[in-house]
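Shown next: entry38.txt, containing compact mmCIF, C-alpha atoms and all ligand atoms.
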# COMPACT_ATOMS: atom_id res chain seq x y z
CA MET A 137 -63.31 -15.59 34.31
CA ALA A 138 -63.64 -19.00 32.69
CA VAL A 139 -65.01 -19.05 29.13
CA ARG A 140 -67.71 -21.68 28.73
CA LYS A 141 -67.34 -23.93 25.68
CA GLN A 142 -71.06 -23.57 25.03
CA ASP A 143 -70.75 -19.75 24.91
CA VAL A 144 -68.01 -19.97 22.31
CA ALA A 145 -70.05 -22.41 20.22
CA GLU A 146 -73.08 -20.09 20.40
CA GLN A 147 -70.94 -17.11 19.42
CA VAL A 148 -69.58 -18.98 16.42
CA ALA A 149 -73.08 -20.06 15.39
CA ARG A 150 -74.33 -16.42 15.69
CA ARG A 151 -71.55 -14.80 13.70
CA ALA A 152 -71.99 -14.01 10.04
CA PRO A 153 -70.48 -16.67 7.79
CA THR A 154 -66.96 -15.89 6.61
CA MET A 155 -65.86 -16.02 2.98
CA ALA A 156 -64.20 -19.37 3.76
CA ASP A 157 -67.50 -20.72 5.13
CA LEU A 158 -69.27 -19.76 1.92
CA ALA A 159 -66.61 -20.93 -0.52
CA ASP A 160 -66.65 -24.25 -2.36
CA ARG A 161 -63.28 -26.03 -2.37
CA HIS A 162 -63.87 -27.70 -5.74
CA GLU A 163 -64.67 -24.36 -7.43
CA LEU A 164 -61.57 -22.81 -5.87
CA TYR A 165 -59.42 -25.77 -6.97
CA GLU A 166 -60.60 -25.52 -10.56
CA ASP A 167 -60.15 -21.73 -10.64
CA SER A 168 -56.59 -21.98 -9.37
CA VAL A 169 -55.00 -25.14 -10.75
CA GLN A 170 -56.98 -26.45 -13.70
CA ASN A 171 -57.27 -25.30 -17.28
CA VAL A 172 -59.27 -28.01 -19.00
CA GLU A 173 -59.61 -26.09 -22.28
CA GLU A 174 -55.82 -26.02 -22.67
CA GLU A 175 -55.53 -29.64 -21.52
CA CYS A 176 -58.05 -30.86 -24.12
CA GLU A 177 -56.45 -28.69 -26.79
CA PHE A 178 -53.05 -30.24 -26.03
CA VAL A 179 -54.52 -33.75 -26.17
CA SER A 180 -56.34 -33.14 -29.48
CA THR A 181 -53.45 -31.39 -31.24
CA THR A 182 -50.77 -33.80 -30.05
CA PHE A 183 -52.79 -36.88 -30.98
CA ARG A 184 -53.50 -35.50 -34.46
CA GLU A 185 -49.82 -34.61 -34.97
CA ILE A 186 -48.49 -38.04 -34.04
CA ARG A 187 -51.29 -40.27 -35.35
CA GLY A 188 -52.56 -38.28 -38.35
CA ARG A 189 -56.19 -38.68 -37.27
CA ASP A 190 -58.49 -37.17 -34.66
CA ALA A 191 -58.88 -38.70 -31.21
CA HIS A 192 -62.49 -39.47 -30.35
CA SER A 193 -62.47 -41.48 -27.12
CA PHE A 194 -60.83 -40.20 -23.96
CA ARG A 195 -60.44 -41.68 -20.49
CA GLU A 196 -59.70 -39.18 -17.73
CA ASP A 197 -58.01 -41.04 -14.87
CA PHE A 198 -58.15 -39.41 -11.39
CA CYS A 199 -60.91 -37.26 -12.93
CA GLY A 200 -62.08 -35.54 -9.73
CA THR A 201 -64.92 -33.24 -10.80
CA ALA A 202 -64.61 -34.61 -14.39
CA SER A 203 -64.26 -31.13 -15.86
CA ALA A 204 -61.79 -32.28 -18.52
CA SER A 205 -64.19 -35.06 -19.58
CA CYS A 206 -67.02 -32.51 -19.79
CA GLU A 207 -64.87 -30.24 -21.95
CA TRP A 208 -63.90 -33.22 -24.14
CA VAL A 209 -67.50 -34.22 -24.98
CA ARG A 210 -68.46 -30.55 -25.49
CA GLN A 211 -65.89 -30.25 -28.27
CA GLY A 212 -67.67 -32.48 -30.80
CA PRO A 213 -70.56 -34.94 -31.29
CA GLU A 214 -68.19 -37.79 -32.23
CA ARG A 215 -66.38 -37.56 -28.89
CA SER A 216 -66.88 -39.77 -25.85
CA ALA A 217 -65.29 -39.85 -22.40
CA PHE A 218 -64.92 -41.96 -19.30
CA GLY A 219 -64.08 -40.21 -16.03
CA VAL A 220 -62.54 -42.46 -13.35
CA ASP A 221 -62.18 -41.58 -9.68
CA LEU A 222 -62.51 -43.62 -6.51
CA GLU A 223 -63.94 -40.81 -4.38
CA PRO A 224 -67.78 -40.77 -4.46
CA GLU A 225 -67.98 -37.24 -2.99
CA VAL A 226 -66.00 -35.58 -5.78
CA LEU A 227 -67.85 -37.55 -8.48
CA ALA A 228 -71.21 -36.49 -7.01
CA TRP A 229 -70.03 -32.87 -7.00
CA GLY A 230 -69.00 -33.20 -10.65
CA ARG A 231 -72.36 -34.70 -11.54
CA ASP A 232 -74.30 -31.91 -9.77
CA ASN A 233 -72.11 -28.99 -10.81
CA ARG A 234 -70.39 -29.90 -14.11
CA LEU A 235 -72.26 -32.67 -15.92
CA ASN A 236 -75.50 -30.77 -15.23
CA ARG A 237 -74.20 -27.99 -17.52
CA LEU A 238 -73.98 -30.37 -20.47
CA THR A 239 -76.86 -30.99 -22.87
CA ASP A 240 -78.58 -34.40 -22.60
CA GLU A 241 -76.86 -35.42 -25.84
CA GLN A 242 -73.40 -34.47 -24.49
CA ARG A 243 -74.06 -36.16 -21.15
CA ALA A 244 -75.00 -39.39 -22.94
CA ARG A 245 -71.43 -39.54 -24.27
CA LEU A 246 -69.81 -39.27 -20.82
CA VAL A 247 -69.62 -42.08 -18.29
CA LEU A 248 -68.40 -41.56 -14.72
CA LEU A 249 -66.89 -44.60 -13.04
CA GLU A 250 -66.36 -44.81 -9.30
CA SER A 251 -63.34 -47.05 -9.43
CA ASP A 252 -59.64 -47.45 -8.76
CA VAL A 253 -57.64 -46.51 -11.88
CA MET A 254 -55.53 -49.58 -11.22
CA THR A 255 -58.39 -52.02 -11.79
CA VAL A 256 -60.96 -50.09 -13.84
CA GLU A 257 -62.09 -51.75 -17.05
CA THR A 258 -63.16 -49.65 -20.02
CA PRO A 259 -63.45 -50.35 -23.75
CA PRO A 260 -60.22 -49.46 -25.65
CA VAL A 261 -59.80 -45.68 -25.99
CA ASP A 262 -57.70 -43.34 -28.16
CA VAL A 263 -56.31 -41.41 -25.20
CA VAL A 264 -55.91 -41.95 -21.46
CA GLY A 265 -55.05 -38.75 -19.58
CA ALA A 266 -53.73 -38.44 -16.01
CA PHE A 267 -53.34 -34.80 -15.04
CA ASN A 268 -52.23 -32.68 -12.15
CA PHE A 269 -49.63 -35.27 -11.16
CA SER A 270 -52.25 -37.57 -9.62
CA TYR A 271 -50.30 -40.72 -10.52
CA PHE A 272 -47.59 -39.60 -8.04
CA ILE A 273 -49.72 -41.44 -5.43
CA PHE A 274 -48.05 -44.66 -6.60
CA LYS A 275 -44.85 -44.60 -4.59
CA SER A 276 -42.99 -47.70 -5.76
CA ARG A 277 -41.77 -48.67 -9.22
CA ALA A 278 -43.75 -51.92 -8.93
CA LEU A 279 -47.07 -50.13 -8.30
CA MET A 280 -46.41 -47.43 -10.89
CA LYS A 281 -45.60 -50.04 -13.54
CA GLN A 282 -48.72 -52.00 -12.62
CA TYR A 283 -50.74 -48.82 -13.29
CA PHE A 284 -48.88 -47.99 -16.53
CA GLU A 285 -49.34 -51.56 -17.79
CA SER A 286 -53.08 -51.40 -17.11
CA VAL A 287 -53.28 -48.09 -19.02
CA TYR A 288 -51.37 -49.71 -21.90
CA ARG A 289 -53.95 -52.50 -22.05
CA SER A 290 -56.81 -49.94 -22.01
CA LEU A 291 -55.63 -48.17 -25.16
CA LYS A 292 -56.47 -48.87 -28.80
CA ASP A 293 -53.55 -50.22 -30.87
CA ASP A 294 -52.54 -46.65 -31.81
CA GLY A 295 -53.64 -45.14 -28.50
CA VAL A 296 -51.69 -42.57 -26.53
CA PHE A 297 -51.25 -42.00 -22.79
CA ILE A 298 -50.75 -38.37 -21.75
CA LEU A 299 -49.55 -37.36 -18.28
CA ASP A 300 -48.05 -34.30 -16.72
CA ALA A 301 -45.19 -33.89 -14.28
CA PHE A 302 -43.64 -31.11 -12.24
CA GLY A 303 -40.14 -30.57 -10.97
CA GLY A 304 -37.21 -28.18 -10.76
CA TYR A 305 -34.99 -27.57 -7.76
CA GLU A 306 -37.76 -25.76 -5.83
CA ALA A 307 -39.91 -28.89 -6.03
CA PHE A 308 -37.56 -30.56 -3.55
CA GLU A 309 -37.89 -27.78 -0.96
CA GLU A 310 -40.25 -27.54 1.98
CA MET A 311 -41.91 -24.22 1.14
CA LYS A 312 -45.17 -22.37 0.56
CA GLU A 313 -46.08 -20.42 -2.54
CA LYS A 314 -48.97 -17.96 -2.63
CA THR A 315 -50.81 -16.93 -5.79
CA LYS A 316 -53.35 -14.11 -5.61
CA TYR A 317 -56.61 -14.33 -7.51
CA GLU A 318 -59.42 -11.78 -7.60
CA ASN A 319 -61.40 -13.12 -4.60
CA PHE A 320 -58.95 -15.42 -2.86
CA SER A 321 -55.34 -16.51 -2.55
CA TYR A 322 -54.18 -20.01 -3.42
CA ILE A 323 -51.40 -21.43 -1.28
CA TRP A 324 -49.38 -24.42 -2.47
CA ASP A 325 -47.72 -25.91 0.60
CA GLN A 326 -44.86 -28.38 0.13
CA ALA A 327 -45.02 -29.35 3.80
CA LYS A 328 -42.64 -32.34 3.84
CA TYR A 329 -40.04 -33.86 1.59
CA TYR A 330 -38.03 -36.95 2.51
CA PRO A 331 -34.91 -37.30 0.34
CA VAL A 332 -34.35 -40.95 1.26
CA THR A 333 -37.75 -42.14 0.01
CA GLY A 334 -38.61 -39.31 -2.38
CA GLU A 335 -41.95 -38.94 -0.60
CA MET A 336 -43.58 -35.54 -0.28
CA LEU A 337 -46.63 -34.26 1.55
CA CYS A 338 -48.40 -31.27 0.02
CA HIS A 339 -51.49 -29.26 0.89
CA ILE A 340 -53.59 -26.65 -0.83
CA HIS A 341 -54.93 -23.87 1.40
CA PHE A 342 -57.12 -20.92 0.45
CA LYS A 343 -57.17 -17.49 2.07
CA PHE A 344 -59.81 -14.79 1.65
CA PRO A 345 -59.89 -10.96 1.76
CA ASP A 346 -61.90 -11.03 5.04
CA GLY A 347 -58.98 -12.85 6.69
CA SER A 348 -60.72 -16.23 6.81
CA LYS A 349 -58.90 -19.38 5.69
CA MET A 350 -59.67 -22.81 4.34
CA LYS A 351 -56.72 -24.83 5.56
CA LYS A 352 -55.76 -28.18 4.00
CA ALA A 353 -58.60 -28.00 1.48
CA PHE A 354 -56.69 -30.75 -0.35
CA THR A 355 -53.80 -32.95 0.75
CA TYR A 356 -51.49 -35.02 -1.45
CA ASP A 357 -49.29 -37.82 -0.17
CA TRP A 358 -47.00 -38.41 -3.13
CA ARG A 359 -43.61 -39.52 -4.30
CA LEU A 360 -41.86 -36.82 -6.30
CA TRP A 361 -40.85 -38.78 -9.39
CA THR A 362 -38.36 -37.37 -11.90
CA LEU A 363 -38.88 -37.34 -15.66
CA PRO A 364 -36.23 -39.98 -16.47
CA GLU A 365 -37.79 -42.33 -13.91
CA VAL A 366 -41.29 -41.86 -15.37
CA ARG A 367 -39.98 -42.31 -18.93
CA GLU A 368 -38.15 -45.50 -17.99
CA MET A 369 -41.18 -46.97 -16.24
CA LEU A 370 -43.42 -46.16 -19.23
CA GLU A 371 -40.96 -47.82 -21.61
CA GLU A 372 -40.63 -50.84 -19.33
CA SER A 373 -44.45 -51.06 -19.29
CA GLY A 374 -44.55 -51.53 -23.05
CA PHE A 375 -44.92 -48.02 -24.48
CA ARG A 376 -43.07 -47.84 -27.82
CA LYS A 377 -42.14 -44.17 -27.69
CA VAL A 378 -42.14 -41.68 -24.80
CA THR A 379 -41.70 -37.96 -25.51
CA VAL A 380 -41.46 -35.09 -23.05
CA TYR A 381 -43.13 -31.85 -24.13
CA TRP A 382 -41.41 -28.87 -22.50
CA GLU A 383 -43.03 -25.45 -22.04
CA GLY A 384 -41.72 -22.40 -23.93
CA ASP A 385 -40.58 -19.20 -22.27
CA ASP A 386 -42.82 -16.09 -22.11
CA GLY A 387 -39.70 -13.87 -22.02
CA ASP A 388 -40.57 -12.74 -18.49
CA GLY A 389 -39.37 -15.73 -16.50
CA GLY A 390 -42.62 -17.67 -16.87
CA GLY A 391 -44.04 -20.34 -19.18
CA ASP A 392 -45.93 -19.41 -22.36
CA GLY A 393 -48.34 -22.36 -22.31
CA VAL A 394 -46.87 -23.81 -25.53
CA PHE A 395 -45.41 -27.30 -25.09
CA THR A 396 -43.09 -28.86 -27.69
CA PRO A 397 -41.00 -32.06 -27.78
CA ASP A 398 -37.67 -31.62 -26.00
CA ASP A 399 -35.13 -34.30 -25.11
CA LYS A 400 -33.18 -32.18 -22.63
CA GLY A 401 -35.28 -29.48 -20.91
CA GLU A 402 -33.78 -26.73 -18.76
CA ALA A 403 -32.66 -26.48 -15.13
CA ASP A 404 -35.54 -24.17 -14.16
CA ALA A 405 -36.48 -23.55 -10.52
CA GLY A 406 -39.98 -24.92 -11.18
CA TRP A 407 -41.43 -26.44 -14.33
CA ILE A 408 -44.45 -28.39 -15.56
CA ALA A 409 -44.18 -30.73 -18.54
CA TYR A 410 -46.37 -33.16 -20.48
CA ILE A 411 -45.29 -36.74 -21.11
CA VAL A 412 -46.72 -38.43 -24.19
CA ALA A 413 -46.44 -42.22 -24.28
CA GLU A 414 -47.37 -43.95 -27.54
CA ARG A 415 -48.61 -47.53 -27.50
C1 LIG B 501 -55.16 -34.10 -7.80
S1 LIG B 501 -56.85 -34.66 -7.97
C2 LIG B 501 -56.93 -34.52 -9.72
C3 LIG B 501 -58.16 -33.82 -10.26
C4 LIG B 501 -58.12 -33.52 -11.74
N1 LIG B 501 -57.90 -34.71 -12.54
C5 LIG B 501 -57.08 -32.49 -12.11
O1 LIG B 501 -56.42 -32.65 -13.15
O2 LIG B 501 -56.94 -31.50 -11.43
C6 LIG B 501 -56.65 -36.38 -7.66
C7 LIG B 501 -57.91 -37.24 -7.73
O3 LIG B 501 -57.50 -38.60 -7.81
C8 LIG B 501 -58.41 -39.41 -7.09
N2 LIG B 501 -57.73 -40.69 -6.82
C9 LIG B 501 -56.70 -40.91 -5.97
N3 LIG B 501 -56.30 -42.20 -6.04
C10 LIG B 501 -57.07 -42.79 -6.99
C11 LIG B 501 -57.12 -44.11 -7.54
N4 LIG B 501 -56.29 -45.07 -7.15
N5 LIG B 501 -58.05 -44.38 -8.48
C12 LIG B 501 -58.90 -43.41 -8.89
N6 LIG B 501 -58.88 -42.13 -8.43
C13 LIG B 501 -57.99 -41.83 -7.48
C14 LIG B 501 -58.80 -38.56 -5.90
O4 LIG B 501 -60.04 -38.96 -5.37
C15 LIG B 501 -58.82 -37.15 -6.51
O5 LIG B 501 -60.12 -36.80 -6.91

Turn this file's structure into structure tokens for me.
Amino acid sequence: MAVRKQDVAEQVARRAPTMADLADRHELYEDSVQNVEEECEFVSTTFREIRGRDAHSFREDFCGTASASCEWVRQGPERSAFGVDLEPEVLAWGRDNRLNRLTDEQRARLVLLESDVMTVETPPVDVVGAFNFSYFIFKSRALMKQYFESVYRSLKDDGVFILDAFGGYEAFEEMKEKTKYENFSYIWDQAKYYPVTGEMLCHIHFKFPDGSKMKKAFTYDWRLWTLPEVREMLEESGFRKVTVYWEGDDGDGGGDGVFTPDDKGEADAGWIAYIVAER
């Protein structure tokens, strides 16, 4: 017996919503990959250590939901932030779900800019941050240096640019890695890697206890840059000193969340590091 398309559509409409239907991809993303408290703590501590004063102004490039900017302005009345992203949908989500949790006074110190990080213009800031590897979207040295040079020009004379990077031999594999959380699983999918160009295509999927899935909740079309390449491009873009902060060992094969300057690193299967570029 033939199944009518309309019957299937009606059946789907009648069924109870699944956990995937009810979930919000931005909430899931933040719960699984972001820790803005630690990010802001790293920015504050590192800036104070190298400059001997507190950072007040912060620009969050590729800000997405602007959670790091929200955390930044929450941490003190002298602090201000710019969040820059070119996607209106994610900025609107941030406004409705993150900025709305700030007090009026805190919100007055945070400006969201719907703009390309390459061309955005902001007053000089103490720190520009680019986290969760978002700058990997620039796939050529020419484009990456254009971006780094524009960040350089956006900083105060003693400003600092802080980025993160990931790598390790597993980063070059086509593979999936699942991490279980209380109400969902996070799946990091390194779907494609092309050794000749260094390009990689990654997805984030989410899976729920009722068996439902949110496939390709986020997709990243990147070049997998290595630390020496990023360091060289930062130096060629004018930064006076570039330091890699490597994560300590928790004694159980994982990272301990404490990042310190390291000029060698270790041949781990997978690592995340911060790069601190001083103007
Ligand atoms: C991986 S998310 C990063 C979210 C958040 N910053 C974090 O640390 O998790 C990348 C974000 O960069 C934005 N984006 C991509 N290209 C951009 C560009 N050229 N200028 C500004 N934002 C861009 C996307 O819209 C997306 O929200």

- Task: All residues within 7 Å of ligand LIG 501 (chain B) are required, counting all atoms listed in the file; please report them as a VMD selection string.
- Result: chain A and resid 169 to 170 197 to 202 220 to 223 226 251 to 254 266 to 270 273

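Neighbouring residues of Ser321 in chain A at 10 Å or closer, counting all atoms listed in the file and skipping chain neighbours under 4 positions away, are Leu164, Ser168, Lys314, Thr315, Lys316, Tyr317, His341, Phe342, Lys343, Phe344, Pro345 and Lys349 of chain A.
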
Do you have, as a tab-separated table, the list of residues of range 218-314 of chain A lying at most 7 Å from range 357-376 of chain A, each with its nearest atom pair and that distance in Å to one decimal, counting only C-alpha atoms and ordered by chain then number?
residue	atom	partner	partner_atom	distance
A:Phe272	CA	A:Trp358	CA	5.1
A:Ile273	CA	A:Trp358	CA	4.7
A:Lys275	CA	A:Arg359	CA	5.2
A:Lys281	CA	A:Ser373	CA	6.0
A:Phe284	CA	A:Ser373	CA	6.1
A:Glu285	CA	A:Ser373	CA	5.1

- Near-Arg210 in chain A list (12 Å; all atoms listed in the file; drop same-chain fewer than 2 positions) as a list in words: Val172, Glu173, Cys176, His192, Ser203, Ala204, Ser205, Cys206, Glu207, Trp208, Gly212, Pro213, Glu214, Arg215, Ser216, Ala217, Arg234, Leu235, Arg237, Leu238, Thr239, Asp240, Glu241, Gln242, Arg243, Ala244, Arg245 and Leu246 of chain A

Could you please take those selected residues and save C-alpha atoms as a PDB file, keeping the file's coordinate frame?
ATOM      1  CA  VAL A 172     -59.270 -28.010 -19.000  1.00  0.00           C
ATOM      2  CA  GLU A 173     -59.610 -26.090 -22.280  1.00  0.00           C
ATOM      3  CA  CYS A 176     -58.050 -30.860 -24.120  1.00  0.00           C
ATOM      4  CA  HIS A 192     -62.490 -39.470 -30.350  1.00  0.00           C
ATOM      5  CA  SER A 203     -64.260 -31.130 -15.860  1.00  0.00           C
ATOM      6  CA  ALA A 204     -61.790 -32.280 -18.520  1.00  0.00           C
ATOM      7  CA  SER A 205     -64.190 -35.060 -19.580  1.00  0.00           C
ATOM      8  CA  CYS A 206     -67.020 -32.510 -19.790  1.00  0.00           C
ATOM      9  CA  GLU A 207     -64.870 -30.240 -21.950  1.00  0.00           C
ATOM     10  CA  TRP A 208     -63.900 -33.220 -24.140  1.00  0.00           C
ATOM     11  CA  GLY A 212     -67.670 -32.480 -30.800  1.00  0.00           C
ATOM     12  CA  PRO A 213     -70.560 -34.940 -31.290  1.00  0.00           C
ATOM     13  CA  GLU A 214     -68.190 -37.790 -32.230  1.00  0.00           C
ATOM     14  CA  ARG A 215     -66.380 -37.560 -28.890  1.00  0.00           C
ATOM     15  CA  SER A 216     -66.880 -39.770 -25.850  1.00  0.00           C
ATOM     16  CA  ALA A 217     -65.290 -39.850 -22.400  1.00  0.00           C
ATOM     17  CA  ARG A 234     -70.390 -29.900 -14.110  1.00  0.00           C
ATOM     18  CA  LEU A 235     -72.260 -32.670 -15.920  1.00  0.00           C
ATOM     19  CA  ARG A 237     -74.200 -27.990 -17.520  1.00  0.00           C
ATOM     20  CA  LEU A 238     -73.980 -30.370 -20.470  1.00  0.00           C
ATOM     21  CA  THR A 239     -76.860 -30.990 -22.870  1.00  0.00           C
ATOM     22  CA  ASP A 240     -78.580 -34.400 -22.600  1.00  0.00           C
ATOM     23  CA  GLU A 241     -76.860 -35.420 -25.840  1.00  0.00           C
ATOM     24  CA  GLN A 242     -73.400 -34.470 -24.490  1.00  0.00           C
ATOM     25  CA  ARG A 243     -74.060 -36.160 -21.150  1.00  0.00           C
ATOM     26  CA  ALA A 244     -75.000 -39.390 -22.940  1.00  0.00           C
ATOM     27  CA  ARG A 245     -71.430 -39.540 -24.270  1.00  0.00           C
ATOM     28  CA  LEU A 246     -69.810 -39.270 -20.820  1.00  0.00           C
TER      29      LEU A 246
END

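Taking CA of Asp300 in chain A and CA of Pro397 in chain A as the two end points, the separation is 13.3 Å.
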